[in-house]
Amino acid sequence: MTAEPLVHVAGLRKAFGGHLVLDDVSLDVQAGEAVALLGPNGAGKTTLLRVLATLTRPSRGVARVAGHDCAREADAVRRRVGLVAHGSWLYEELTALENLAFWAGLAGARPGRDEVLAALAAVELERVAGERVRTFSLGMRRRLSLARLVLARPQVLLLDEPFAGLDQRGGKWLDAHLAAFKGAGGAIVLTTHSFGRGLAVADRIAILSGGRVALDTAVGAMDADDVRRLYALHAEEA
Amino acid sequence: MTAFARRAWLVLRKDVVSERRSKETLNALVFFALLLLFVFQFSLGDDRDRLAAALPGLLWLGFVLSGILGVSRAFLVERENDCWEGLVLAPGDKSSIYLGKVAGALVLMLLVEGLLLLLFAVFFNVDLGARLPGLAAVLALGTVGFAAVGALFSAMTAHVRARELLFPVLLLPVLVPVLLGGVKATEAVLAGEPLGAVAHWLKLLAAADVIYLTVGVLTFDAVLES
């Protein structure tokens, strides 16, 4: 008997008004697995992440995280997912330390100062722990957003373009963190336009096009050129 | 401290710290309060009788106008960097976030009201000394109601394009009981009457507070998620 996947999506449909964004999408992500969602702008990648994060209700179909229905058991899902989306969720007038402590506290955790500093050290921001976020560069903001996940310890990571704004070191740190997260039994769903970065992290790629999963395949021994060829074939066909 | 109270405290502290550092709202409100006083002083002059009759209304006009400016911004900060999403995804009872926001608005409004009172006393040469405890009780009751309904409407209008217009249009009709009770009770207190003489107005203010806070607590989750 196979264990229930940490992320289970079946027959998912989402329309905004008359505009169909997701159409009969099905996707499973097992514990310890990462799936990279690829696709052109408007393919429905971000909407799928928002449904899984419980920010958007599906029009039809099933979306479950760790066995909990995203539409009906939103609170249970929210306790298990960590989302890094386009917005940084950072308060400009608070320091890096205060921002992390705030979000951890709001989620019900009570991290000590040392724990928060350790999360900042993990993204190499411990030197600016006491500085206000409004002085931070885009890359520093991105790393600080990712540090939230270090403290939150979710079961499922939902990452929308996580490598955007990160420099080489930040990208390498994220690769290592995601590998460790998978190793600990977590599941990851991420969107990316960078095939190389996506391959470095993902065990499977799913190409979305026109709101449908055009291809869902294991990465195996693929390289970035293989993915590019598949992408050209499927993303542009649909 | 319970988890609920702790979350409310976190939101309050975050808002107070942010405002203390940026002073964006406070600076605007202080300037606005000075402007109002200048206009009132200019229009009323030195006529003590006219002043005595108009003072309660002027005070509340000042509180309401500065309150509208201050409280309408309560949830705007959450739109920046999509922090609103984070609040939506925070597990647990969302009404703790609402109460934290109400407390933050209350702190800001009480600061501005204290300043306005002080300036009124100086500009219009009014001796508030003996009347201050009664006045403080009336203001506290009125301000709680204002902050409760103001924070809720601030959340409701945060994503609306014409929010600057919509916010006062929604808020002012609902605030009628607070304005009525506040002005009448303030008038009596300034005339030297004991608080017992205006108990019915104080009860109206307290009832409005309870109703507004209850409605806010019960509806905030839906407002935040919508």
# chains A, B, ... in the order shown; residues from 1 in each chain; ligands from 1
$ interface_residues --of "chain B" --to "chain A" --cutoff "6 Å" --atoms "only C-alpha atoms" --output "list in words"
Arg7, Ser18, Asn81, Asp82, Cys83, Leu89, Ala90 and Pro91 of chain B
$ residues_around --residues "Leu117 in chain B" --least-positions-apart "5" --cutoff "9 Å" --atoms "only C-alpha atoms" --output "number ranges by chain"
B: 59, 112, 122, 128
$ atom_distance --atom1 "CA of Leu97 in chain A" --atom2 "CA of Glu19 in chain B"
17.4 Å
$ residues_around --residues "range 154-169 of chain B" --least-positions-apart "6" --cutoff "12 Å" --atoms "only C-alpha atoms" --output "PyMOL selection string"
chain B and resi 64-80+82+84+87+97-98+101-102+105+146-148+175+216+219-226
$ closest_atom_pairs --of "range 77-192 of chain B" --to "range 37-54 of chain B" --cutoff "10 Å" --atoms "only C-alpha atoms" --output "CSV"
residue,atom,partner,partner_atom,distance
B:Leu116,CA,B:Leu37,CA,8.3
B:Leu119,CA,B:Leu37,CA,7.7
B:Phe120,CA,B:Leu37,CA,7.2
B:Phe123,CA,B:Gln41,CA,7.5
B:Phe124,CA,B:Gln41,CA,7.5
B:Asn125,CA,B:Arg48,CA,9.7
B:Val126,CA,B:Ala52,CA,9.3
B:Glu187,CA,B:Ala53,CA,8.2
B:Leu190,CA,B:Ala52,CA,8.5
B:Ala191,CA,B:Ala52,CA,8.4
$ atom_distance --atom1 "CA of Val123 in chain A" --atom2 "CA of Arg153 in chain A"
15.1 Å
$ residues_around --residues "Val65 in chain A" --least-positions-apart "5" --cutoff "12 Å" --atoms "only C-alpha atoms" --output "JSON, numbers by chain"
{"A": [4, 5, 6, 7, 8, 9, 10, 27, 28, 29, 30, 31, 49, 51, 52, 53, 54, 70, 71, 72, 73, 74, 75, 76, 77, 78, 79, 80, 81, 82, 154, 155, 156, 157, 158, 186, 187, 188, 189]}
$ select_by_dssp --residues "range 3-232 of chain A" --states "strand (DSSP E)" --output "count of residues only"
61
$ atom_distance --atom1 "CA of Arg229 in chain A" --atom2 "CA of His19 in chain A"
28.9 Å
